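Student: You'll find protein20.cif just under this line, and it carries mmCIF, C-alpha atoms and all ligand atoms.
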data_run
loop_
_atom_site.label_atom_id
_atom_site.label_comp_id
_atom_site.auth_asym_id
_atom_site.auth_seq_id
_atom_site.Cartn_x
_atom_site.Cartn_y
_atom_site.Cartn_z
CA MET A 1 -21.45 8.32 -50.13
CA SER A 2 -22.08 8.34 -46.41
CA ALA A 3 -21.16 5.18 -44.50
CA ALA A 4 -24.04 3.15 -43.13
CA PRO A 5 -24.22 3.27 -39.33
CA ALA A 6 -22.66 0.20 -37.68
CA PRO A 7 -25.32 -2.32 -36.69
CA ALA A 8 -26.08 -2.40 -32.97
CA PRO A 9 -24.50 -5.49 -31.39
CA ALA A 10 -26.85 -8.28 -30.39
CA PRO A 11 -27.62 -8.06 -26.65
CA ALA A 12 -25.72 -11.29 -25.87
CA MET A 13 -22.62 -10.03 -27.75
CA ALA A 14 -22.80 -6.63 -26.05
CA ALA A 15 -22.96 -8.35 -22.67
CA ALA A 16 -19.97 -10.53 -23.58
CA HIS A 17 -17.95 -7.42 -24.46
CA ALA A 18 -19.06 -5.56 -21.36
CA LEU A 19 -17.92 -8.36 -19.06
CA PRO A 20 -14.12 -7.98 -19.29
CA SER A 21 -14.37 -4.21 -18.91
CA ARG A 22 -16.65 -4.61 -15.85
CA VAL A 23 -14.15 -7.05 -14.35
CA SER A 24 -11.24 -4.69 -15.00
CA GLN A 25 -13.23 -1.80 -13.48
CA PHE A 26 -13.75 -3.76 -10.26
CA TYR A 27 -10.14 -4.95 -10.34
CA ALA A 28 -8.90 -1.35 -10.65
CA LEU A 29 -10.72 -0.44 -7.42
CA THR A 30 -8.49 -2.85 -5.50
CA LYS A 31 -5.38 -0.69 -6.30
CA PRO A 32 -3.61 -3.83 -7.56
CA ARG A 33 0.01 -2.61 -7.57
CA VAL A 34 -0.14 -1.24 -4.01
CA VAL A 35 -1.84 -4.39 -2.76
CA GLN A 36 0.78 -6.58 -4.50
CA LEU A 37 3.54 -4.96 -2.45
CA ILE A 38 1.40 -5.18 0.69
CA VAL A 39 0.93 -8.92 0.19
CA PHE A 40 4.64 -9.34 -0.59
CA CYS A 41 5.52 -7.66 2.76
CA ALA A 42 3.00 -9.90 4.54
CA PHE A 43 4.53 -12.94 2.83
CA ILE A 44 8.01 -11.96 4.06
CA GLY A 45 6.55 -11.71 7.58
CA MET A 46 5.32 -15.32 7.14
CA VAL A 47 8.68 -16.55 5.82
CA LEU A 48 10.63 -15.01 8.70
CA ALA A 49 8.23 -16.46 11.27
CA VAL A 50 9.12 -20.03 10.22
CA PRO A 51 12.67 -21.16 11.05
CA GLY A 52 14.23 -22.97 8.06
CA LEU A 53 12.23 -24.16 5.06
CA PRO A 54 8.44 -24.37 5.55
CA SER A 55 6.76 -27.78 5.45
CA GLY A 56 4.13 -28.62 2.83
CA ALA A 57 1.34 -27.68 5.25
CA GLN A 58 3.06 -24.40 6.07
CA TRP A 59 3.39 -23.49 2.36
CA TRP A 60 -0.33 -24.10 2.05
CA GLN A 61 -1.03 -21.91 5.09
CA MET A 62 1.12 -19.13 3.58
CA ALA A 63 -0.82 -19.31 0.31
CA VAL A 64 -4.21 -19.14 2.05
CA ALA A 65 -3.07 -16.32 4.37
CA SER A 66 -1.71 -14.33 1.39
CA ALA A 67 -5.02 -14.76 -0.45
CA GLY A 68 -7.00 -13.68 2.63
CA ILE A 69 -4.85 -10.58 3.20
CA TRP A 70 -4.99 -9.75 -0.53
CA LEU A 71 -8.81 -9.89 -0.50
CA VAL A 72 -9.22 -7.74 2.63
CA ALA A 73 -6.62 -5.20 1.46
CA GLY A 74 -8.41 -5.02 -1.93
CA ALA A 75 -11.69 -4.48 -0.09
CA ALA A 76 -10.15 -1.62 1.91
CA ALA A 77 -8.85 0.00 -1.30
CA ALA A 78 -12.28 -0.32 -2.97
CA PHE A 79 -13.96 1.21 0.09
CA ASN A 80 -11.49 4.11 -0.11
CA CYS A 81 -12.44 4.63 -3.79
CA LEU A 82 -16.11 4.73 -2.78
CA VAL A 83 -15.65 7.28 0.01
CA GLU A 84 -13.31 9.46 -2.07
CA ARG A 85 -15.15 9.32 -5.41
CA GLY A 86 -15.79 13.10 -5.30
CA ILE A 87 -12.20 13.93 -4.34
CA ASP A 88 -10.83 11.48 -6.93
CA ALA A 89 -12.90 13.18 -9.64
CA ARG A 90 -11.12 16.49 -8.88
CA MET A 91 -7.58 15.05 -9.16
CA LYS A 92 -5.91 14.28 -12.53
CA ARG A 93 -4.15 11.22 -11.09
CA THR A 94 -7.37 9.58 -9.90
CA ALA A 95 -10.12 11.04 -12.13
CA TRP A 96 -10.03 7.87 -14.30
CA ARG A 97 -11.21 5.60 -11.47
CA PRO A 98 -14.53 3.91 -12.29
CA THR A 99 -16.03 5.27 -9.05
CA ALA A 100 -14.94 8.85 -9.86
CA ARG A 101 -16.34 8.54 -13.41
CA GLY A 102 -19.62 7.15 -12.13
CA GLU A 103 -19.13 3.90 -14.08
CA LEU A 104 -19.73 1.85 -10.94
CA SER A 105 -22.53 2.81 -8.57
CA ASN A 106 -22.09 3.26 -4.82
CA ALA A 107 -24.15 0.14 -4.16
CA GLN A 108 -22.05 -1.95 -6.57
CA THR A 109 -18.80 -0.72 -5.01
CA LEU A 110 -20.02 -1.24 -1.46
CA LEU A 111 -21.21 -4.74 -2.27
CA PHE A 112 -17.90 -5.57 -3.98
CA SER A 113 -15.91 -4.31 -0.99
CA ALA A 114 -18.13 -6.19 1.48
CA LEU A 115 -17.85 -9.44 -0.52
CA LEU A 116 -14.05 -9.24 -0.76
CA CYS A 117 -13.77 -8.39 2.94
CA ALA A 118 -16.11 -11.23 3.96
CA ALA A 119 -14.35 -13.78 1.70
CA GLY A 120 -10.88 -12.77 2.91
CA SER A 121 -11.96 -12.74 6.56
CA ALA A 122 -13.54 -16.19 6.24
CA LEU A 123 -10.34 -17.61 4.70
CA LEU A 124 -8.29 -16.14 7.52
CA TYR A 125 -10.67 -17.15 10.31
CA PHE A 126 -11.29 -20.77 9.27
CA TRP A 127 -8.01 -21.75 7.53
CA VAL A 128 -5.41 -19.54 9.20
CA ASN A 129 -6.36 -18.37 12.71
CA PRO A 130 -8.84 -15.95 14.33
CA LEU A 131 -6.06 -13.62 15.60
CA THR A 132 -4.90 -12.95 12.01
CA MET A 133 -8.47 -12.41 10.88
CA TRP A 134 -9.12 -9.83 13.65
CA LEU A 135 -5.79 -8.03 13.07
CA THR A 136 -6.50 -7.88 9.32
CA PHE A 137 -10.02 -6.62 9.94
CA ALA A 138 -8.64 -3.95 12.31
CA THR A 139 -6.24 -2.94 9.50
CA PHE A 140 -9.21 -2.68 7.13
CA VAL A 141 -10.98 -0.36 9.59
CA GLY A 142 -7.72 1.56 10.17
CA TYR A 143 -7.30 2.34 6.46
CA ALA A 144 -10.90 2.45 5.18
CA VAL A 145 -12.44 4.37 8.11
CA ILE A 146 -9.84 5.91 10.46
CA TYR A 147 -7.45 7.08 7.70
CA THR A 148 -9.83 7.68 4.79
CA VAL A 149 -12.88 9.10 6.56
CA ILE A 150 -11.42 10.74 9.70
CA LEU A 151 -7.72 11.59 9.40
CA LYS A 152 -7.30 12.41 5.72
CA PRO A 153 -9.57 15.50 5.71
CA LEU A 154 -8.46 16.47 9.26
CA THR A 155 -4.69 16.87 9.53
CA PRO A 156 -1.51 16.98 7.41
CA GLN A 157 -0.19 14.22 9.70
CA ASN A 158 -2.94 11.98 8.19
CA ILE A 159 -0.51 9.69 6.38
CA VAL A 160 1.86 9.43 9.36
CA ILE A 161 -0.87 8.14 11.69
CA GLY A 162 -2.76 6.35 8.89
CA GLY A 163 0.56 4.80 7.84
CA ALA A 164 0.13 2.43 10.79
CA SER A 165 -2.42 0.41 8.79
CA GLY A 166 -0.14 0.28 5.75
CA ALA A 167 2.65 -0.98 8.06
CA MET A 168 0.61 -3.91 9.38
CA PRO A 169 1.26 -6.53 6.62
CA PRO A 170 4.39 -8.13 8.18
CA VAL A 171 2.55 -8.32 11.51
CA LEU A 172 -0.35 -10.07 9.76
CA GLY A 173 2.08 -12.44 8.06
CA TRP A 174 3.86 -13.24 11.32
CA SER A 175 0.61 -13.90 13.18
CA ALA A 176 -0.63 -16.12 10.33
CA MET A 177 2.24 -18.54 10.99
CA THR A 178 2.67 -18.26 14.77
CA ASP A 179 -0.74 -17.17 16.09
CA SER A 180 1.13 -14.40 17.95
CA VAL A 181 2.81 -11.02 17.37
CA GLY A 182 6.55 -11.20 17.98
CA PRO A 183 9.07 -8.34 18.40
CA GLU A 184 10.52 -9.23 14.98
CA ALA A 185 7.14 -8.43 13.39
CA LEU A 186 7.02 -5.11 15.24
CA ILE A 187 10.46 -4.19 13.89
CA LEU A 188 9.20 -4.77 10.33
CA PHE A 189 6.09 -2.72 11.19
CA LEU A 190 8.37 0.13 12.30
CA ILE A 191 10.29 0.03 9.02
CA ILE A 192 7.16 0.43 6.84
CA PHE A 193 5.77 3.01 9.27
CA LEU A 194 8.91 5.18 8.87
CA TRP A 195 9.03 4.54 5.11
CA THR A 196 5.49 5.82 4.46
CA PRO A 197 6.06 9.60 4.96
CA PRO A 198 8.96 9.96 2.47
CA HIS A 199 7.10 7.59 0.09
CA PHE A 200 3.93 9.65 0.12
CA TRP A 201 5.28 13.19 0.53
CA ALA A 202 7.68 12.74 -2.43
CA LEU A 203 4.58 12.02 -4.53
CA ALA A 204 2.52 14.79 -2.92
CA LEU A 205 5.25 17.33 -3.81
CA TYR A 206 4.92 16.81 -7.56
CA ARG A 207 1.14 16.28 -7.33
CA VAL A 208 0.62 19.37 -5.18
CA GLU A 209 -1.79 21.04 -7.62
CA ASP A 210 -3.97 17.91 -7.57
CA TYR A 211 -4.05 17.99 -3.78
CA ARG A 212 -4.78 21.73 -3.71
CA LYS A 213 -7.83 21.08 -5.90
CA SER A 214 -8.89 18.13 -3.76
CA GLY A 215 -9.25 20.31 -0.66
CA LEU A 216 -7.30 17.74 1.42
CA PRO A 217 -4.81 19.19 3.94
CA MET A 218 -1.74 17.37 2.57
CA LEU A 219 1.63 18.62 3.90
CA PRO A 220 2.89 20.42 0.74
CA VAL A 221 -0.44 22.28 0.55
CA THR A 222 -0.60 23.28 4.24
CA HIS A 223 3.13 23.77 5.00
CA GLY A 224 4.65 24.36 1.58
CA ASN A 225 7.23 22.72 -0.64
CA GLU A 226 10.37 23.55 1.38
CA TYR A 227 9.06 22.29 4.73
CA THR A 228 7.83 19.04 3.12
CA ARG A 229 11.24 18.48 1.51
CA LEU A 230 12.91 18.84 4.91
CA GLN A 231 10.47 16.32 6.38
CA VAL A 232 11.19 13.87 3.54
CA PHE A 233 14.94 14.16 4.15
CA LEU A 234 14.62 13.78 7.95
CA TYR A 235 12.39 10.72 7.57
CA THR A 236 14.88 9.06 5.19
CA LEU A 237 17.52 9.48 7.93
CA ILE A 238 15.31 8.01 10.67
CA LEU A 239 14.29 5.25 8.27
CA PHE A 240 17.98 4.45 7.67
CA ALA A 241 18.41 3.86 11.42
CA GLY A 242 15.15 1.87 11.64
CA CYS A 243 16.27 -0.42 8.82
CA LEU A 244 19.33 -1.46 10.86
CA MET A 245 17.07 -2.91 13.57
CA PRO A 246 16.65 -6.41 12.07
CA PHE A 247 20.46 -6.78 12.10
CA ILE A 248 20.89 -5.26 15.58
CA TYR A 249 18.14 -7.47 17.00
CA GLY A 250 19.78 -10.53 15.45
CA MET A 251 16.94 -11.59 13.16
CA SER A 252 18.99 -10.97 9.97
CA SER A 253 22.64 -11.08 9.11
CA TRP A 254 25.14 -9.33 6.83
CA ILE A 255 23.32 -9.91 3.50
CA TYR A 256 20.37 -7.93 4.83
CA LEU A 257 22.67 -5.39 6.47
CA ALA A 258 24.50 -4.72 3.18
CA ALA A 259 21.19 -4.27 1.35
CA ALA A 260 19.77 -2.02 4.11
CA VAL A 261 22.85 0.22 4.08
CA LEU A 262 22.97 0.52 0.28
CA LEU A 263 19.23 1.08 -0.17
CA GLY A 264 19.07 3.39 2.86
CA ALA A 265 22.01 5.44 1.57
CA GLY A 266 20.27 5.72 -1.80
CA PHE A 267 17.02 6.93 -0.23
CA CYS A 268 18.91 9.41 2.05
CA LEU A 269 20.74 10.75 -1.02
CA TYR A 270 17.47 11.30 -2.86
CA GLY A 271 16.09 12.98 0.29
CA PHE A 272 19.17 15.19 0.51
CA TRP A 273 19.14 16.18 -3.19
CA LEU A 274 15.44 16.93 -3.00
CA TRP A 275 15.95 19.07 0.11
CA ARG A 276 18.81 21.03 -1.51
CA GLY A 277 17.12 21.70 -4.83
CA TYR A 278 13.60 20.92 -5.95
CA SER A 279 12.28 19.71 -9.27
CA ASP A 280 9.15 17.71 -10.06
CA ALA A 281 11.35 15.21 -11.91
CA LEU A 282 13.51 14.64 -8.83
CA ALA A 283 10.46 14.26 -6.57
CA ARG A 284 9.06 11.69 -9.01
CA LYS A 285 12.39 9.80 -8.98
CA THR A 286 12.40 9.88 -5.17
CA PHE A 287 8.87 8.43 -5.10
CA ARG A 288 9.88 5.69 -7.56
CA PHE A 289 12.97 4.95 -5.49
CA SER A 290 10.80 4.52 -2.38
CA LEU A 291 9.08 1.58 -4.13
CA ILE A 292 12.42 0.03 -5.12
CA HIS A 293 13.71 0.58 -1.57
CA LEU A 294 10.89 -1.26 0.19
CA SER A 295 10.64 -4.07 -2.38
CA LEU A 296 14.37 -4.84 -2.37
CA LEU A 297 14.70 -4.43 1.41
CA PHE A 298 12.03 -7.07 2.00
CA ALA A 299 13.49 -9.27 -0.74
CA ALA A 300 16.84 -9.02 1.10
CA LEU A 301 15.16 -10.24 4.31
CA LEU A 302 13.97 -13.28 2.37
CA VAL A 303 17.36 -14.05 0.80
CA ASP A 304 19.13 -13.53 4.13
CA HIS A 305 16.68 -15.87 5.91
CA TYR A 306 17.31 -18.75 3.52
CA VAL A 307 20.99 -18.24 2.69
CA LEU A 308 22.42 -17.71 6.19
C1 LIG A 401 -0.86 5.83 4.42
C2 LIG A 401 0.03 5.18 3.71
C3 LIG A 401 0.24 5.38 2.22
C4 LIG A 401 -0.11 6.42 1.42
C5 LIG A 401 -0.85 7.68 1.80
C6 LIG A 401 0.29 6.07 0.07
C7 LIG A 401 0.05 6.84 -1.05
C8 LIG A 401 0.27 6.44 -2.34
C9 LIG A 401 -0.24 7.11 -3.49
C10 LIG A 401 -1.09 8.36 -3.47
C11 LIG A 401 0.16 6.40 -4.57
C12 LIG A 401 -0.25 6.68 -6.03
C13 LIG A 401 0.81 7.04 -6.94
C14 LIG A 401 0.29 7.30 -8.35
O1 LIG A 401 -0.90 7.12 -8.61
O2 LIG A 401 1.11 7.69 -9.18
C15 LIG A 401 0.94 5.29 -4.11
C16 LIG A 401 1.52 4.37 -4.92
C17 LIG A 401 2.06 3.21 -4.47
N1 LIG A 401 2.17 2.81 -3.17
FE1 LIG A 401 1.66 3.89 -1.53
N2 LIG A 401 0.91 4.85 0.08
C18 LIG A 401 0.88 4.39 1.37
C19 LIG A 401 1.35 3.21 1.81
C20 LIG A 401 1.84 2.23 1.00
C21 LIG A 401 2.22 0.92 1.45
C22 LIG A 401 2.16 0.46 2.90
C23 LIG A 401 2.67 0.24 0.38
C24 LIG A 401 3.18 -1.15 0.27
C25 LIG A 401 3.69 -1.84 1.25
C26 LIG A 401 2.53 1.12 -0.78
C27 LIG A 401 2.88 0.78 -2.06
C28 LIG A 401 2.66 1.54 -3.16
C29 LIG A 401 2.93 1.12 -4.52
C30 LIG A 401 3.50 -0.23 -4.97
C31 LIG A 401 2.56 2.18 -5.35
C32 LIG A 401 2.68 2.25 -6.90
C33 LIG A 401 1.35 1.98 -7.50
C34 LIG A 401 1.39 2.05 -9.02
O3 LIG A 401 2.44 2.24 -9.61
O4 LIG A 401 0.30 1.90 -9.60
N3 LIG A 401 2.05 2.32 -0.35
N4 LIG A 401 0.98 5.34 -2.74
C1 LIG A 402 -6.17 -5.24 5.28
C2 LIG A 402 -5.02 -4.50 4.77
C3 LIG A 402 -3.70 -5.16 4.75
C4 LIG A 402 -5.24 -3.21 4.36
C5 LIG A 402 -4.19 -2.41 3.81
C6 LIG A 402 -4.71 -1.04 3.67
C7 LIG A 402 -4.08 -0.43 2.47
C8 LIG A 402 -4.71 -0.77 1.14
C9 LIG A 402 -3.01 0.38 2.65
C10 LIG A 402 -2.25 1.00 1.54
C11 LIG A 402 -2.22 2.43 1.65
C12 LIG A 402 -2.65 3.10 0.40
C13 LIG A 402 -3.22 2.39 -0.77
C14 LIG A 402 -2.56 4.34 0.36
C15 LIG A 402 -3.01 5.13 -0.79
O1 LIG A 402 -3.23 6.36 -0.26
P1 LIG A 402 -4.58 7.11 -0.57
O2 LIG A 402 -5.72 6.21 -0.27
O3 LIG A 402 -4.53 8.41 0.13
O4 LIG A 402 -4.35 7.30 -2.13
P2 LIG A 402 -5.30 7.69 -3.32
O5 LIG A 402 -5.23 9.17 -3.41
O6 LIG A 402 -4.63 7.02 -4.50
O7 LIG A 402 -6.68 7.17 -3.05
#
Using structure tokens, write down the structure that the file contains.
Ligand code: HEM
Ligand SMILES: CC(C)=CCC/C(C)=C/CC/C(C)=C/COP(=O)(O)OP(=O)(O)O
Tutor:
Amino acid sequence: MSAAPAPAPAPAMAAAHALPSRVSQFYALTKPRVVQLIVFCAFIGMVLAVPGLPSGAQWWQMAVASAGIWLVAGAAAAFNCLVERGIDARMKRTAWRPTARGELSNAQTLLFSALLCAAGSALLYFWVNPLTMWLTFATFVGYAVIYTVILKPLTPQNIVIGGASGAMPPVLGWSAMTDSVGPEALILFLIIFLWTPPHFWALALYRVEDYRKSGLPMLPVTHGNEYTRLQVFLYTLILFAGCLMPFIYGMSSWIYLAAAVLLGAGFCLYGFWLWRGYSDALARKTFRFSLIHLSLLFAALLVDHYVL
């Protein structure tokens, strides 16, 4: 006996089921995990900009600034998904994205990105300060246009130069609380700027076939596996030195220093092992360690600020 075909859902029920999946499709465009770490780094910039414990009003300002930066960063990520929908469709890692699968139209994605960007910018302009809004908007343009549209298809140094927009969050956080950009914020910028190449190239090494198919001139495709491994190792060494800057400048004390030395040594070791002998598994571990490194380093800045 053949089973009767399932009855078609009533239009209202179908719409109710479609809603959560639509929401999660839009949410996925914002690259949530990346943006979480971005907002965390911005938040640490805010914390360090305020001597001692923040007042009630300052906590409120931090919450609004974090929401504004989160929205604009999400908008930048969605815009990147729109521009790169063709490239994403060719790579295993990104082929699932709703833009690559054609589940969201260009107009829907553009509107979503514009709405997030406008909402975040308004929060920053009216409830934080115009300087933070303009710096965040410049970061949006830096990532969504300069990196995604111009640099990425142009040069294997794309992520080094484009990394400047990824490094902006602590500067945005600092300016949200002080209406200025201090040297301390620039030191934190430098740390993320130096962290980006080993973070990305570790991933690009084990995703090299994806990038070959994409047609993008990423370093392991243009200069090969061995050269990229050397670059990863050298950047972990420079990063180690860069991470000492908050201590040398006097903005953090020994708790941060201990964390920076331990995490930096760990990242240099991964860089060294990867340089001496390659495996996809080791490259993947190095990439994962890059995320632990940055998260714990910024957490150490927070602990150091409040404990000492
Ligand atoms: C130009 C700069 C950057 C490039 C090219 C880059 C590239 C990437 C890529 C391709 C992935 C995807 C890994 C995967 O799908 O398996 C990734 C993951 C990630 N990146 Fe970056 N990244 C950059 C900057 C940053 C910055 C500034 C942060 C945070 C401060 C960050 C945080 C993360 C996190 C948290 C993940 C893991 C996402 C997940 O597990 O879903 N990245 N990055
Ligand atoms: C306003 C503000 C703070 C903006 C931050 C900009 C931003 C989202 C920076 C993060 C960098 C990032 C997601 C790189 C992913 O590389 P990719 O785009 O090459 O990776 P993909 O291949 O996964 O698309």
Student: Calculated over all atoms listed in the file, which of the candidates A:Glu226, A:Asp304, A:Asp210, A:Glu103 has the smallest distance to ligand LIG 402 (chain A)?
Tutor: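 For ligand LIG 402 (chain A), the nearest of the given residues is A:Asp210.
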Student: What's the separation between atom O7 of ligand LIG 402 (chain A) and atom CA of A:Gln36, in Å to one decimal place?
Tutor: 15.7 Å
Student: Could you tell me, as a ChimeraX atom specification, which residues have any atom at most 10 Å from (-7.8, -19.3, 3.8), counting all atoms listed in the file?
Tutor: /A:60-69,119-129,133
Student: Around ligand LIG 401 (chain A), out to 9 Å and counting all atoms listed in the file, which residues are there? I want them as number ranges by chain.
Tutor: A: 31-42, 93-94, 143, 147, 152, 158-169, 192-193, 195-197, 199-201, 203-204, 207, 284, 287-288, 290-292, 294-295
Student: Using only C-alpha atoms and all ligand atoms, find the one residue out of A:Arg85, A:Arg101, A:His223, A:Arg229 that sits nearest to ligand LIG 402 (chain A).
Tutor: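 Between A:Arg85, A:Arg101, A:His223, A:Arg229, the residue approaching ligand LIG 402 (chain A) most closely is A:Arg85.
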Student: In Å to one decimal, how far is atom O4 of ligand LIG 402 (chain A) from atom CA of A:Val181?
Tutor: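 Straight-line distance from atom CA of A:Val181 to atom O4 of ligand LIG 402 (chain A) works out to 27.7 Å.
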Student: Atom CA of A:Phe189 and atom CA of A:Phe289, how far apart in Å?
Tutor: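 Going from atom CA of A:Phe289 over to atom CA of A:Phe189, I get 19.6 Å.
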Student: Pick out the residues sitting within 10 Å of A:Trp273, and hand them over as a list in words; count all atoms listed in the file, and ignore anything fewer than 6 positions along from it in its own chain.
Tutor: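 Those residues are Arg229, Phe233, Phe267, Ser279, Leu282, Ala283 and Thr286 of chain A.
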Student: Restricting the calculation to all atoms listed in the file: of A:Gly264, A:Gly142, A:Pro246, A:Gly86, which residue gets closest to ligand LIG 402 (chain A)?
Tutor: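 Of A:Gly264, A:Gly142, A:Pro246, A:Gly86, the one nearest ligand LIG 402 (chain A), counting all atoms listed in the file, is A:Gly142.
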